[in-house]
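Asks: To start, I am sharing the structure in question, which I have written as structure tokens.
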Amino acid sequence: MAKLFRAAIMGPPGSGKGTISKRIADRFGLQYLSSGHFLRDCMAANTEAGVMVRTYVERSMLVPDHVMTRLMLPRLEQLMGHSWLLDGFPRTLSQAQALNNLCQLDLVISLNIPYETLRERLSDRWIHPASGRVYNMGFNPPQVKGKDDITGEPLIQHDDDKPEALMSRLRHYKDVAKPVIDLYKSQGILHSFSGTETDRIWPYINSLLNTKMHTQPSDAFQTRTP
């Protein structure tokens, strides 16, 4: 039976999770599931779940744990026969515990990026709201300034990406992420990477995954009961 590998990536806003996740998915053939992309797809399709999510997003509120798990766990069940990488879920200890009741992760990557680096990245970050595509004026600018490459629609900068709001976001991330990180550390599956440049961090992550995936047992998707 083909080896299955289940991983998650964690990091504060601006840490480069999206860039590294894409490299991991492309390099190792993992299904990439971003909770942010998934929520936007639900809203765009105007599903029952999407309507529910929109009520929180429009009020600039975080989607509650019970809603996130209700959306994400069935999607993961559909991927039982695949290896995958999660980005943005689990975000809280409650979500991590719910995920543990479904399956055991093989690896969790945590990105530790200095505040000044995050501030510089986010101050240059512009987003296409409908798709979630992210541009950085320093190293990944749009072809036409202020316009999405694919649709030509205007890009925006989120208020909470601005320096005055960033410290609050980072403080909130650390408070919420610490119990999740502690849980995965206790399970022996957490690997942390620090640095200021994604291209310098990537070789270490690539090496780790090469090692982990080539030593994986070929057990099928492991399920757990609550």
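Convention: chains lettered A, B, ... in structure tokens order; per-chain residue numbering from 1; ligands numbered from 1 as shown.
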Residues of segment 1-80 of chain A that have any atom at most 8 Å from an atom of segment 111-135 of chain A: could you tabulate them with the shortest-distance atom pair and the distance in Å to one decimal, using only C-alpha atoms, ordered by chain and increasing number, as CSV?
Replies:
residue,atom,partner,partner_atom,distance
A:Ile9,CA,A:Leu111,CA,7.8
A:Met10,CA,A:Leu111,CA,6.2
A:Gly11,CA,A:Leu111,CA,4.8
A:Pro12,CA,A:Leu111,CA,7.6
A:Pro13,CA,A:Leu118,CA,7.3
A:Gly14,CA,A:Leu118,CA,5.3
A:Ser15,CA,A:Ile113,CA,6.0
A:Lys17,CA,A:Leu111,CA,7.7
A:Gly36,CA,A:Gly132,CA,7.9
A:His37,CA,A:Gly132,CA,6.9
A:Arg40,CA,A:Ser131,CA,7.2
Asks: From a DSSP calculation on the backbone, collect every residue of segment 13-222 of chain A in strand (DSSP E) and output the set as a list in words.
Replies: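 Listing strand (DSSP E) positions across segment 13-222 of chain A yields Gln31, Tyr32, Leu33, Ser34, Trp84, Leu85, Leu86, Asp87, Leu107, Val108, Ile109, Ser110, Leu111, Asn112, Arg125, Trp126, Ile127, Val134, Tyr135, Asn136, Leu190, His191, Ser192, Phe193 and Ser194 of chain A.
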Asks: As a PDB file with C-alpha atoms, in the first residue's frame, list the residues of segment 83-157 of chain A assigned to helix (DSSP H, G or I) by DSSP on the backbone atoms of this structure.
Replies:
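Resulting contents of out.pdb:
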ATOM      1  CA  LEU A  93      -5.965  23.669  20.706  1.00  0.00           C
ATOM      2  CA  SER A  94      -9.639  22.758  20.301  1.00  0.00           C
ATOM      3  CA  GLN A  95      -9.162  22.334  16.546  1.00  0.00           C
ATOM      4  CA  ALA A  96      -5.983  20.293  17.085  1.00  0.00           C
ATOM      5  CA  GLN A  97      -7.772  17.961  19.479  1.00  0.00           C
ATOM      6  CA  ALA A  98     -10.623  17.495  17.014  1.00  0.00           C
ATOM      7  CA  LEU A  99      -8.105  16.685  14.275  1.00  0.00           C
ATOM      8  CA  ASN A 100      -6.354  14.195  16.569  1.00  0.00           C
ATOM      9  CA  ASN A 101      -9.648  12.336  16.929  1.00  0.00           C
ATOM     10  CA  LEU A 102      -9.678  11.859  13.161  1.00  0.00           C
ATOM     11  CA  TYR A 115       9.033  40.727  14.092  1.00  0.00           C
ATOM     12  CA  GLU A 116      10.945  43.219  11.924  1.00  0.00           C
ATOM     13  CA  THR A 117      10.917  40.794   8.995  1.00  0.00           C
ATOM     14  CA  LEU A 118       7.170  40.221   9.380  1.00  0.00           C
ATOM     15  CA  ARG A 119       6.549  43.964   9.575  1.00  0.00           C
ATOM     16  CA  GLU A 120       8.509  44.597   6.375  1.00  0.00           C
ATOM     17  CA  ARG A 121       6.791  41.780   4.497  1.00  0.00           C
ATOM     18  CA  LEU A 122       3.279  42.737   5.538  1.00  0.00           C
ATOM     19  CA  SER A 123       3.722  46.438   4.847  1.00  0.00           C
TER      20      SER A 123
END
Asks: If we count only C-alpha atoms and set the cut-off at 10 Å, which residues sit around segment 48-50 of chain A, ignoring sequence neighbours fewer than 3 positions away in its own chain? Please answer as a list in words.
Replies: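 With the cut-off at 10 Å, the set is Phe38, Leu39, Arg40, Asp41, Cys42, Met43, Ala44, Ala45, Val53, Arg54, Thr55, Val67, Met68, Arg70 and Leu71 of chain A.
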Asks: Residues as selected, N, CA and C atoms, written as an mmCIF file, in the first residue's frame, can you do that?
Replies:
data_model
loop_
_atom_site.group_PDB
_atom_site.id
_atom_site.type_symbol
_atom_site.label_atom_id
_atom_site.label_comp_id
_atom_site.auth_asym_id
_atom_site.auth_seq_id
_atom_site.Cartn_x
_atom_site.Cartn_y
_atom_site.Cartn_z
ATOM 1 N N PHE A 38 -10.049 27.354 1.281
ATOM 2 C CA PHE A 38 -11.246 26.524 1.381
ATOM 3 C C PHE A 38 -12.454 27.365 1.806
ATOM 4 N N LEU A 39 -12.258 28.247 2.777
ATOM 5 C CA LEU A 39 -13.349 29.108 3.230
ATOM 6 C C LEU A 39 -13.794 30.060 2.127
ATOM 7 N N ARG A 40 -12.829 30.603 1.381
ATOM 8 C CA ARG A 40 -13.198 31.505 0.287
ATOM 9 C C ARG A 40 -13.974 30.764 -0.799
ATOM 10 N N ASP A 41 -13.569 29.523 -1.076
ATOM 11 C CA ASP A 41 -14.298 28.723 -2.071
ATOM 12 C C ASP A 41 -15.730 28.474 -1.616
ATOM 13 N N CYS A 42 -15.907 28.192 -0.338
ATOM 14 C CA CYS A 42 -17.248 27.962 0.206
ATOM 15 C C CYS A 42 -18.111 29.215 0.066
ATOM 16 N N MET A 43 -17.504 30.374 0.342
ATOM 17 C CA MET A 43 -18.269 31.621 0.231
ATOM 18 C C MET A 43 -18.599 31.934 -1.222
ATOM 19 N N ALA A 44 -17.614 31.706 -2.113
ATOM 20 C CA ALA A 44 -17.841 31.990 -3.538
ATOM 21 C C ALA A 44 -18.935 31.104 -4.110
ATOM 22 N N ALA A 45 -19.006 29.851 -3.634
ATOM 23 C CA ALA A 45 -20.021 28.916 -4.121
ATOM 24 C C ALA A 45 -21.359 29.134 -3.442
ATOM 25 N N VAL A 53 -19.998 31.096 7.123
ATOM 26 C CA VAL A 53 -18.667 31.677 7.276
ATOM 27 C C VAL A 53 -18.699 33.167 6.986
ATOM 28 N N ARG A 54 -19.470 33.567 5.972
ATOM 29 C CA ARG A 54 -19.522 34.977 5.576
ATOM 30 C C ARG A 54 -20.009 35.863 6.716
ATOM 31 N N THR A 55 -20.894 35.341 7.557
ATOM 32 C CA THR A 55 -21.422 36.154 8.664
ATOM 33 C C THR A 55 -20.302 36.567 9.620
ATOM 34 N N VAL A 67 -17.238 25.804 13.973
ATOM 35 C CA VAL A 67 -17.537 25.965 12.548
ATOM 36 C C VAL A 67 -16.367 25.447 11.718
ATOM 37 N N MET A 68 -15.136 25.784 12.118
ATOM 38 C CA MET A 68 -13.957 25.337 11.375
ATOM 39 C C MET A 68 -13.867 23.815 11.342
ATOM 40 N N ARG A 70 -16.264 21.667 11.766
ATOM 41 C CA ARG A 70 -17.395 21.139 10.998
ATOM 42 C C ARG A 70 -17.123 21.198 9.495
ATOM 43 N N LEU A 71 -16.362 22.200 9.066
ATOM 44 C CA LEU A 71 -16.038 22.338 7.649
ATOM 45 C C LEU A 71 -14.826 21.507 7.244
#
